[in-house]
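Below is one structure, written out as structure tokens, with a few remarks after it.
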Amino acid sequence: MMTFLRKHRNWLMIVIAILAIPFIFYFNKTDLSAQANQFARLYNRNISMVEAQRDARLHDLALALGMQRFVQDLTAGVGDSNNRNEAYAVFAINLIILRHEAEQLGIRPTPAEIADFVRNVSAFRGPTGFDQKKYDEFVQNALTPYGMNEGQIEEVVADALSLNRIKDLVATGVTVPESESKSEYERAYGKLFAAVIRLHPAEFVKDIKITDDDIQKYYEAHKAALKTEEKRKVEFVSLPLSDEQKKLTGKERIDSLQKLADRANDFSQALLPKGADFRQVAAKFQLPMQTTGEFTLAAPDPKLKDPQVAAAAFQLTPPEPNSDVLQEPDGFYVLHLAGLVEARPLTLEEAKPKIVDAIKTSRSREMLSNKSAKLVHDLREGLKAGESLPSLLEKANVKAEKLEPFTLLDEPDVKEEVDKKKEKSPDLLAIKNVAASLRPGEVSEFFPWEQGGIIVYLEKQEPPDQSKYQQGKINFATRILNNKRQIVFSEWLHERQTEAGLGTPTAERRSRPGPPRRS
């Protein structure tokens with residue numbers, strides 16, 4: 001764990017040290033007025049950016065301590081959050097709410113409780129238990145350089161203990177009767193026999209006729225969006241680690257990167273004076289300069305290997321042609337805008353191929369939607385009238401694939417068999433999601449999936465092996481109970497967000513994320 005933290009020390013520094021920048025621009029895109037320093041308004045008081053930034057950096061500290069559950073509970077609803085700004089914002093808001101509620105409930109973890117929790121943090125554990133050396137190394141390498149100390153560890157641990165106690169309180173009385181547990185077990189591990197009908201928009205393309213009048217109307221309606229791709233050409237210098245330095249780990253790698261970062265910053269500073277010539281400055285610093293060809297955002301020049309570096313080229317302008325120092329895993333870049341081909345409107349003739357494809361796509365999806373709705377209706381009515389599925393499929397001129405029996409949840413001891421099923425049916429996960437809502441003899445709604453969609457018919461369900469239920473019922477009941485408790489907590493947190501005042505005009509500004517969605 002400590003090796004990992006040392007290896008990524010530079011990254012952690014960037015995340016923590018510059019949180020002010022993404023917060024300011026994420027939440028205040030439209031003005032620099034007196035409200036620019038206001039992050040949100042909770043409990044009838046303004047939450048400043050400084051306070052929010054301080055709380056948000058505990059997000060990464062908690063992750064570094066292995067407290068994933070704590071972070072997940074306070075970022076619920078963010079989804080697959082590639083959007084780190086949104087995750088930080090939701091975390092900061094919910095942390096303020098957590099602390100307020102803990103105070104109202106009189107929940108205050110004792111120093112002894114905090115110490116016990118810290119001693120059991122995986123990052124601080126050694127072969128014989130708590131390792132003081134690992135703890136000191138973590139403080140020295142992951143906290144001290146960034147203005148934090150042991151106080152922040154105790155702070156985030158106290159928050160986690162308060163959260164656990166609140167979750168226990170709000171879930172008091174949540175139980176799972178054995179009858180419900182058994183019913184859910186049978187639903188999850190019962191063997192399902194099903195057939196799937198796959199429909200694709202491409203099946204309708206051959207029937208689509210597009211006239212010149214259709215193309216002209218589409219062109220007039222979408223003229224503003226029908227443009228060529230903007231192109232850029234850049235000159236750049238790179239400061240990469242050598243092949244030997246790339247093999248380094250820990251402090252040695254960090255030190256090598258820091259030397260490159262210092263040199264890159266010096267180079268960037270030398271470009272600041274008005275009239276500074278990029279080529280001359282590169283020659284002065286004895287940095288080889290490279291030049292790309294013209295490239296688009298969707299198809300970067302191969303010389304710019306990191307997609308984020310390539311994307312930065314499209315932030316440059318003739319008045320501000322030089323980039324800041326850009327970091328990639330093994331070094332740094334500084335870019336200079338050397339050429340710009342702006343996007344221009346396409347003529348009707350140039351746009352024609354795109355328009356034809358767009359019309360075909362739109363109409364084929366519409367035809368798919370209409371056919372799937374009619375097919376579902378006809379199958380349901382036919383089955384209700386006593387007709388067999390094969391005859392109904394034949395009337396509709398569609399085919400159904402009979403699947404190998406499967407269960408909604410995979411048992412650990414049949415993983416290899418499940419993997420083989422996935423190879424045969426890449427949409428098995430979608431089929432399971434659809435089948436979960438069906439009873440034997442029912443036909444599902446049309447479920448969009450990838451390039452088309454599926455309709456599932458559940459023929460029958462066989463009960464699971466009862467001996468396995470007896471063996472695993474305790475673990476299964478625990479899983480159901482934990483799920484119920486999590487749902488109750490999510491509902492409680494949503495209600496507390498409303499009580500805290502989320503939903504005021506300030507909080508609803510388009511540039512600010514709202515509260516997490518309910519599960």
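Simple scheme: letters A, B, ... for chains in structure tokens order, numbers from 1 for residues in each chain, numbers from 1 for ligands in the order shown.
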
Can you pull out the residues contacting Tyr219 in chain A? Cut-off 8 Å, using only C-alpha atoms, and skip same-chain residues under 3 positions away; I want them as a VMD selection string.
chain A and resid 215 to 216 222 to 223 226 348 351 355

Take the selection from the previous step and output its residues with all heavy atoms, as a PDB file, in the first residue's frame.
ATOM      1  N   ILE A 215     -33.682  15.246 -48.131  1.00  0.00           N
ATOM      2  CA  ILE A 215     -32.322  15.727 -47.854  1.00  0.00           C
ATOM      3  C   ILE A 215     -32.317  17.238 -47.697  1.00  0.00           C
ATOM      4  O   ILE A 215     -31.678  17.778 -46.782  1.00  0.00           O
ATOM      5  CB  ILE A 215     -31.362  15.280 -48.972  1.00  0.00           C
ATOM      6  CG1 ILE A 215     -31.235  13.744 -48.967  1.00  0.00           C
ATOM      7  CG2 ILE A 215     -29.988  15.924 -48.799  1.00  0.00           C
ATOM      8  CD1 ILE A 215     -30.457  13.191 -50.138  1.00  0.00           C
ATOM      9  N   GLN A 216     -33.031  17.938 -48.597  1.00  0.00           N
ATOM     10  CA  GLN A 216     -33.076  19.394 -48.539  1.00  0.00           C
ATOM     11  C   GLN A 216     -33.709  19.877 -47.232  1.00  0.00           C
ATOM     12  O   GLN A 216     -33.208  20.792 -46.573  1.00  0.00           O
ATOM     13  CB  GLN A 216     -33.878  19.935 -49.724  1.00  0.00           C
ATOM     14  CG  GLN A 216     -33.962  21.460 -49.787  1.00  0.00           C
ATOM     15  CD  GLN A 216     -32.620  22.095 -50.104  1.00  0.00           C
ATOM     16  OE1 GLN A 216     -31.887  21.605 -50.967  1.00  0.00           O
ATOM     17  NE2 GLN A 216     -32.281  23.165 -49.399  1.00  0.00           N
ATOM     18  N   HIS A 222     -31.011  21.473 -40.044  1.00  0.00           N
ATOM     19  CA  HIS A 222     -29.818  21.182 -39.243  1.00  0.00           C
ATOM     20  C   HIS A 222     -28.569  21.879 -39.768  1.00  0.00           C
ATOM     21  O   HIS A 222     -27.447  21.486 -39.453  1.00  0.00           O
ATOM     22  CB  HIS A 222     -29.571  19.665 -39.199  1.00  0.00           C
ATOM     23  CG  HIS A 222     -30.691  18.882 -38.606  1.00  0.00           C
ATOM     24  ND1 HIS A 222     -31.787  18.479 -39.344  1.00  0.00           N
ATOM     25  CD2 HIS A 222     -30.910  18.429 -37.337  1.00  0.00           C
ATOM     26  CE1 HIS A 222     -32.619  17.805 -38.561  1.00  0.00           C
ATOM     27  NE2 HIS A 222     -32.120  17.772 -37.348  1.00  0.00           N
ATOM     28  N   LYS A 223     -28.770  22.928 -40.555  1.00  0.00           N
ATOM     29  CA  LYS A 223     -27.643  23.589 -41.214  1.00  0.00           C
ATOM     30  C   LYS A 223     -26.580  24.063 -40.221  1.00  0.00           C
ATOM     31  O   LYS A 223     -25.380  23.954 -40.468  1.00  0.00           O
ATOM     32  CB  LYS A 223     -28.160  24.787 -42.024  1.00  0.00           C
ATOM     33  CG  LYS A 223     -27.115  25.410 -42.939  1.00  0.00           C
ATOM     34  CD  LYS A 223     -27.686  26.625 -43.663  1.00  0.00           C
ATOM     35  CE  LYS A 223     -28.794  26.217 -44.624  1.00  0.00           C
ATOM     36  NZ  LYS A 223     -29.271  27.365 -45.429  1.00  0.00           N
ATOM     37  N   LEU A 226     -24.225  21.210 -39.251  1.00  0.00           N
ATOM     38  CA  LEU A 226     -23.527  20.499 -40.321  1.00  0.00           C
ATOM     39  C   LEU A 226     -22.280  21.282 -40.699  1.00  0.00           C
ATOM     40  O   LEU A 226     -22.320  22.200 -41.529  1.00  0.00           O
ATOM     41  CB  LEU A 226     -24.447  20.302 -41.525  1.00  0.00           C
ATOM     42  CG  LEU A 226     -25.627  19.352 -41.289  1.00  0.00           C
ATOM     43  CD1 LEU A 226     -26.625  19.439 -42.428  1.00  0.00           C
ATOM     44  CD2 LEU A 226     -25.120  17.920 -41.125  1.00  0.00           C
ATOM     45  N   LEU A 348     -24.589  21.720 -49.257  1.00  0.00           N
ATOM     46  CA  LEU A 348     -25.571  20.641 -49.340  1.00  0.00           C
ATOM     47  C   LEU A 348     -24.939  19.375 -49.904  1.00  0.00           C
ATOM     48  O   LEU A 348     -25.172  18.275 -49.392  1.00  0.00           O
ATOM     49  CB  LEU A 348     -26.756  21.074 -50.198  1.00  0.00           C
ATOM     50  CG  LEU A 348     -27.822  19.997 -50.469  1.00  0.00           C
ATOM     51  CD1 LEU A 348     -28.444  19.523 -49.160  1.00  0.00           C
ATOM     52  CD2 LEU A 348     -28.900  20.536 -51.399  1.00  0.00           C
ATOM     53  N   ALA A 351     -22.609  17.767 -47.353  1.00  0.00           N
ATOM     54  CA  ALA A 351     -23.327  17.212 -46.202  1.00  0.00           C
ATOM     55  C   ALA A 351     -24.189  16.017 -46.564  1.00  0.00           C
ATOM     56  O   ALA A 351     -24.657  15.296 -45.670  1.00  0.00           O
ATOM     57  CB  ALA A 351     -24.194  18.298 -45.564  1.00  0.00           C
ATOM     58  N   ILE A 355     -26.212  13.399 -44.118  1.00  0.00           N
ATOM     59  CA  ILE A 355     -27.656  13.541 -44.000  1.00  0.00           C
ATOM     60  C   ILE A 355     -28.363  12.231 -44.299  1.00  0.00           C
ATOM     61  O   ILE A 355     -29.287  11.819 -43.580  1.00  0.00           O
ATOM     62  CB  ILE A 355     -28.157  14.655 -44.956  1.00  0.00           C
ATOM     63  CG1 ILE A 355     -27.626  16.007 -44.502  1.00  0.00           C
ATOM     64  CG2 ILE A 355     -29.677  14.673 -45.016  1.00  0.00           C
ATOM     65  CD1 ILE A 355     -27.926  17.149 -45.458  1.00  0.00           C
TER      66      ILE A 355
END

Just want the 12 Å neighbourhood of Ile487 in chain A, counted on only C-alpha atoms, with same-chain residues fewer than 5 positions away dropped. Output as a PyMOL selection string.
chain A and resi 73+76+167+170-171+174+480-482+492-494+518-519

Pick from A:Gln327, A:Ser238, A:Gln315, A:Ser372, whichever lies nearest to Gln258 in chain A using only C-alpha atoms:
A:Gln327

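In terms of minimum interatomic distance to Ile93 in chain A, A:Ala52 ranks closest within A:Val118, A:Val325, A:Ala52, A:Ala436, counting only C-alpha atoms.
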
Taking the DSSP secondary structure from the backbone, can you list the residues of range 143-185 of chain A that are helix (DSSP H, G or I), as a VMD selection string?
chain A and resid 143 to 146 150 to 170 178 to 185

What residues in range 129-290 of chain A get the DSSP label strand (DSSP E or B)? Please answer as a list in words.
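Put together, the selection reads Gly129, Phe130, Lys191, Leu192, Phe193, Ala194, Ala195, Val196, Ile197, Arg198, Leu199, Lys227, Lys231, Arg232, Lys233, Val234, Glu235, Phe236, Val237, Ser238, Leu239, Pro240, Met289 and Gln290 of chain A.
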
Atom-to-atom span, CA of Ile208 in chain A and CA of Gln451 in chain A, Å
17.6 Å

Just the residues within 8 Å of Phe267 in chain A, please, counting only C-alpha atoms, with nothing from its chain fewer than 5 positions along; format it as an MDAnalysis selection string.
chainID A and resid 281:282 285

Produce a file of the selected residues containing N, CA, C and O atoms, as a CSV table (one decimal), in the first residue's frame.
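Written file, out.csv:
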chain,number,residue,atom,x,y,z
A,281,VAL,N,12.8,30.0,-27.6
A,281,VAL,CA,12.9,29.5,-26.2
A,281,VAL,C,13.2,28.1,-26.1
A,281,VAL,O,14.0,27.6,-25.2
A,282,ALA,N,12.7,27.2,-27.0
A,282,ALA,CA,13.0,25.8,-27.0
A,282,ALA,C,14.5,25.6,-27.3
A,282,ALA,O,15.1,24.8,-26.7
A,285,PHE,N,16.6,26.4,-24.2
A,285,PHE,CA,16.5,25.4,-23.2
A,285,PHE,C,17.0,24.1,-23.7
A,285,PHE,O,17.0,23.1,-23.0

If you count only C-alpha atoms, which residues fall within 7 Å of Glu230 in chain A, apart from same-chain ones fewer than 3 positions away, as a PyMOL selection string?
chain A and resi 296+341-343

Non-local contacts of range 61-66 of chain A (9 Å; only C-alpha atoms; under 5 positions in same chain excluded) as a list in words:
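Everything that qualifies: Met1, Leu5, Val71, Val121, Ser122, Ala123, Phe124, Ala142, Leu143, Gln152, Ile153, Val156 and Val157 of chain A.
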
So that I have them on file, write out the residues from the current selection with N, CA and C atoms, as a short mmCIF file (atom, residue, chain, number, x, y, z; two decimals), in the first residue's frame.
data_model
loop_
_atom_site.label_atom_id
_atom_site.label_comp_id
_atom_site.auth_asym_id
_atom_site.auth_seq_id
_atom_site.Cartn_x
_atom_site.Cartn_y
_atom_site.Cartn_z
N MET A 1 0.83 -1.21 0.00
CA MET A 1 0.00 0.00 0.00
C MET A 1 0.86 1.26 0.00
N LEU A 5 1.22 4.33 -2.70
CA LEU A 5 1.05 5.74 -2.40
C LEU A 5 2.27 6.55 -2.80
N VAL A 71 -16.73 6.28 1.21
CA VAL A 71 -16.79 7.18 0.06
C VAL A 71 -18.02 6.87 -0.79
N VAL A 121 -6.80 -0.03 10.03
CA VAL A 121 -6.76 0.40 8.63
C VAL A 121 -5.72 -0.43 7.90
N SER A 122 -6.10 -0.99 6.76
CA SER A 122 -5.21 -1.92 6.05
C SER A 122 -3.88 -1.27 5.67
N ALA A 123 -3.89 0.03 5.38
CA ALA A 123 -2.66 0.70 4.97
C ALA A 123 -1.63 0.74 6.08
N PHE A 124 -2.08 0.56 7.33
CA PHE A 124 -1.18 0.64 8.47
C PHE A 124 -0.92 -0.72 9.11
N ALA A 142 2.27 11.15 2.33
CA ALA A 142 0.96 11.41 1.73
C ALA A 142 0.22 12.57 2.36
N LEU A 143 0.67 13.04 3.53
CA LEU A 143 -0.05 14.12 4.20
C LEU A 143 0.78 15.39 4.36
N GLN A 152 -6.20 15.02 10.11
CA GLN A 152 -7.14 14.72 9.02
C GLN A 152 -7.49 13.23 9.00
N ILE A 153 -6.54 12.37 9.39
CA ILE A 153 -6.86 10.94 9.50
C ILE A 153 -7.91 10.72 10.57
N VAL A 156 -11.42 12.03 9.32
CA VAL A 156 -12.16 11.20 8.39
C VAL A 156 -12.60 9.89 9.05
N VAL A 157 -11.79 9.38 9.97
CA VAL A 157 -12.18 8.17 10.71
C VAL A 157 -13.38 8.46 11.60
#

Distance query Glu186 in chain A at most 8 Å, only C-alpha atoms, self and fewer than 4 positions along chain excluded, as a list in words
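Once the nearby chain positions are removed, what remains is Lys182, Gly190, Pro463 and Pro464 of chain A.
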
Hey, which of A:Leu248, A:Met67, A:Leu95, A:Val78 ends up closest to Gln53 in chain A? Count only C-alpha atoms.
A:Leu95

Closest of A:Gly441, A:Ala195, A:Asn265, A:Ser256 to Glu404 in chain A - atom-to-atom distances counting only C-alpha atoms
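Smallest separation from Glu404 in chain A among the options: A:Ala195.
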
Coordinates-based distance that separates CA of Gln308 in chain A from CA of Val237 in chain A (Å, one decimal)
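One can read the CA of Val237 in chain A to CA of Gln308 in chain A distance as 15.6 Å.
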
Using only C-alpha atoms: which of A:Val139, A:Leu199, A:Leu383, A:Ile96 has the shortest distance to Lys371 in chain A
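Distance minimum relative to Lys371 in chain A lands on A:Leu199.
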
Expressed in Å to a single decimal, how great is the separation between CA of Phe447 in chain A and CA of Thr407 in chain A?
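Interatomic distance here is 19.1 Å.
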
Determine the nearest neighbour of Asn370 in chain A from the options A:Phe70, A:Phe138, A:Phe204, A:Tyr333, counting only C-alpha atoms.
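Checking each of A:Phe70, A:Phe138, A:Phe204, A:Tyr333 against Asn370 in chain A, counting only C-alpha atoms, the winner is A:Phe204.
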